[in-house]
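To keep things clear, I will list the structure first and then write my remarks on it.
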Amino acid sequence: MIEWDTIAAIATPRGEGGVGIVRVSGSLAVPIACQIFRSSRHVSAAELPSHTLNYGHVIRSSSGEVIDEVMLGIMRAPKSYTAEDVVEFNCHGGIVPLRGVLELTLKAGARLAAPGEFTKRAFLNGRLDLAQAEAVVDLIRSKTDLSRQIAIDQLSGKLSQTINALNDRLANLLAEVEASIDFPEEELDFMDLRAMRQTAQDILDDLDRLIASASDGKLLREGVNIAILGRPNVGKSSLLNTLLQEDRAIVTEIPGTTRDTIEAPLNLGGIPLQLIDTAGIHQTTDIVEQQGVERSKAYLDSADLLLIMFDSSRSLTDEDRELLHAAKIRKSVLILNKIDLPIVTTPTDLHTDAPQKPVVQISLLDSRGIEELKSAVHQELLDGDAIWGDSPIVTNVRHHDALCRGRLALGHAIESFTQQMPPDLVAVDLHSSLDCLGEIVGKTTTEDILGRIFSQFCVGK
Ligand SMILES: Nc1nc2c(ncn2[C@@H]2O[C@H](COP(=O)(O)OP(=O)(O)OP(=O)(O)O)[C@@H](O)[C@H]2O)c(=O)[nH]1
Ligand SMILES: [Mg+2]
């Protein structure tokens, strides 16, 4: 374990709450508790057993003033969050008692912690690797159960194990290549070269699979914008309300009811969505409506997925066909609404202008087809892949970038194998591929990158 100064911070959100926590970590943590905590049993904090919660008071020793009534948690190294001695004052959850307790810990020798510094210590002390430490932020920020589950998997080391296994295979390959540099007289025969090239190719294929998982990862982490578009009165706002299960947007039989965009968050089978209801697209001389239509049209380019809606009880207009045209080049699901009415427009009609696009027939009057619509959206977003498997999912942009660089270098190494280049050239590329993978778990990460990663954390984590 590395020795540092002792850090302290309020670990709970600012504001009123049942409990608020002041966390202290470092070699002075227990001595500080000895100074400012008076146990109800008159036992010094130094004598309290590790991993216990103890009732007592925080006292200003100069005046004997009671600052707060607390429960003191003691976790001695190395079995603590930071792998150092940690004490936690469970105070009353108000900013004044919390500040009072924090101030006393600082006076007694602690220093105010920087954002993420507790987790950084856990990393530097080897309790977590870097990918695991980053999962802590993902977990805190997860928007759905699925993104929480992926963060938990990453925190427990699922991604790190995969990366470490790839790392080991690369390192073994590199050792073989380097052996042939050191002992050139034992010349590599053709078979050796082929086997090494194949090993490199197998590793590259596994890297590709991980990289491919990143698009799902981005989706789960950042969520997607889904715009509902269509002519006036086709039922866009009704769809928003049905999906949200609340009367969020105004619905009337008058075309042009929605004049501005309405956004609302929605969790669709674990994918965090921002659902956007828009003004009906049509020609109009009303300047307010015109602006609304311009906004709607902007989503044709900017939304991650388009839900383009049509009234199945009416025939297609030129405006409908323009929308179908836009749908062709974008991720989109076509919706034929109002199938409770006599049907005039069918999926075949839509496919004339936008072949092969998924079409769902629904009625918002009797909620028919909604489940089919949800699964079509899921399918379209995830390109039909089931994301729930055994292999880890890359959700982090930094990891994705390192994997891509690692893949590129390995690709060069394979190229060199193919062209039977000198082994020292191959070794250079394998080295750089290894370094890239090492960055993910923090084996080869610069101080600068560490600083950037931990600054995203909140103070007290
Ligand atoms: N019969 C029938 N009527 C529906 C259905 N869905 C919506 N409507 C009706 O269609 C009318 C228009 O619905 P809205 O949801 O306001 O349509 P919109 O596309 O948001 O319209 P604008 O905001 O004007 O662009 C309302 O009277 C709804 O009750 C449906 O499935 N069947
Ligand atoms: Mg509307």
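Chain identifiers are assigned as A, B, and so on, following the order in which chains appear in the structure tokens; residues are numbered from 1 within each chain, and ligands are numbered from 1 in order of appearance.
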Find the residues near ligand 1. Use a cut-off of 7 Å, count only C-alpha atoms and all ligand atoms, and write them as a ChimeraX atom specification. /A:230-239,250-259,279-280,337-341,362-366
What parts of region 327-456 of chain A does DSSP call helix (DSSP H, G or I)? I'd like the answer as a ChimeraX atom specification. /A:327-328,347-353,370-381,397-418,423-441,447-454
Interatomic distance between CA of Gly20 (chain A) and CA of Phe89 (chain A)?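 Taking CA of Gly20 (chain A) and CA of Phe89 (chain A), their separation equals 8.1 Å.
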Residue neighbourhood Ile226 (chain A), 10 Å, only C-alpha atoms, exclusion window fewer than 6 positions, as a PyMOL selection string: chain A and resi 263+273-277+299+302-307+331-332+377
Tell me which of A:Gly17, A:Arg248, A:Leu104, A:Val24 sits closest to ligand 2, counting only C-alpha atoms and all ligand atoms. A:Arg248
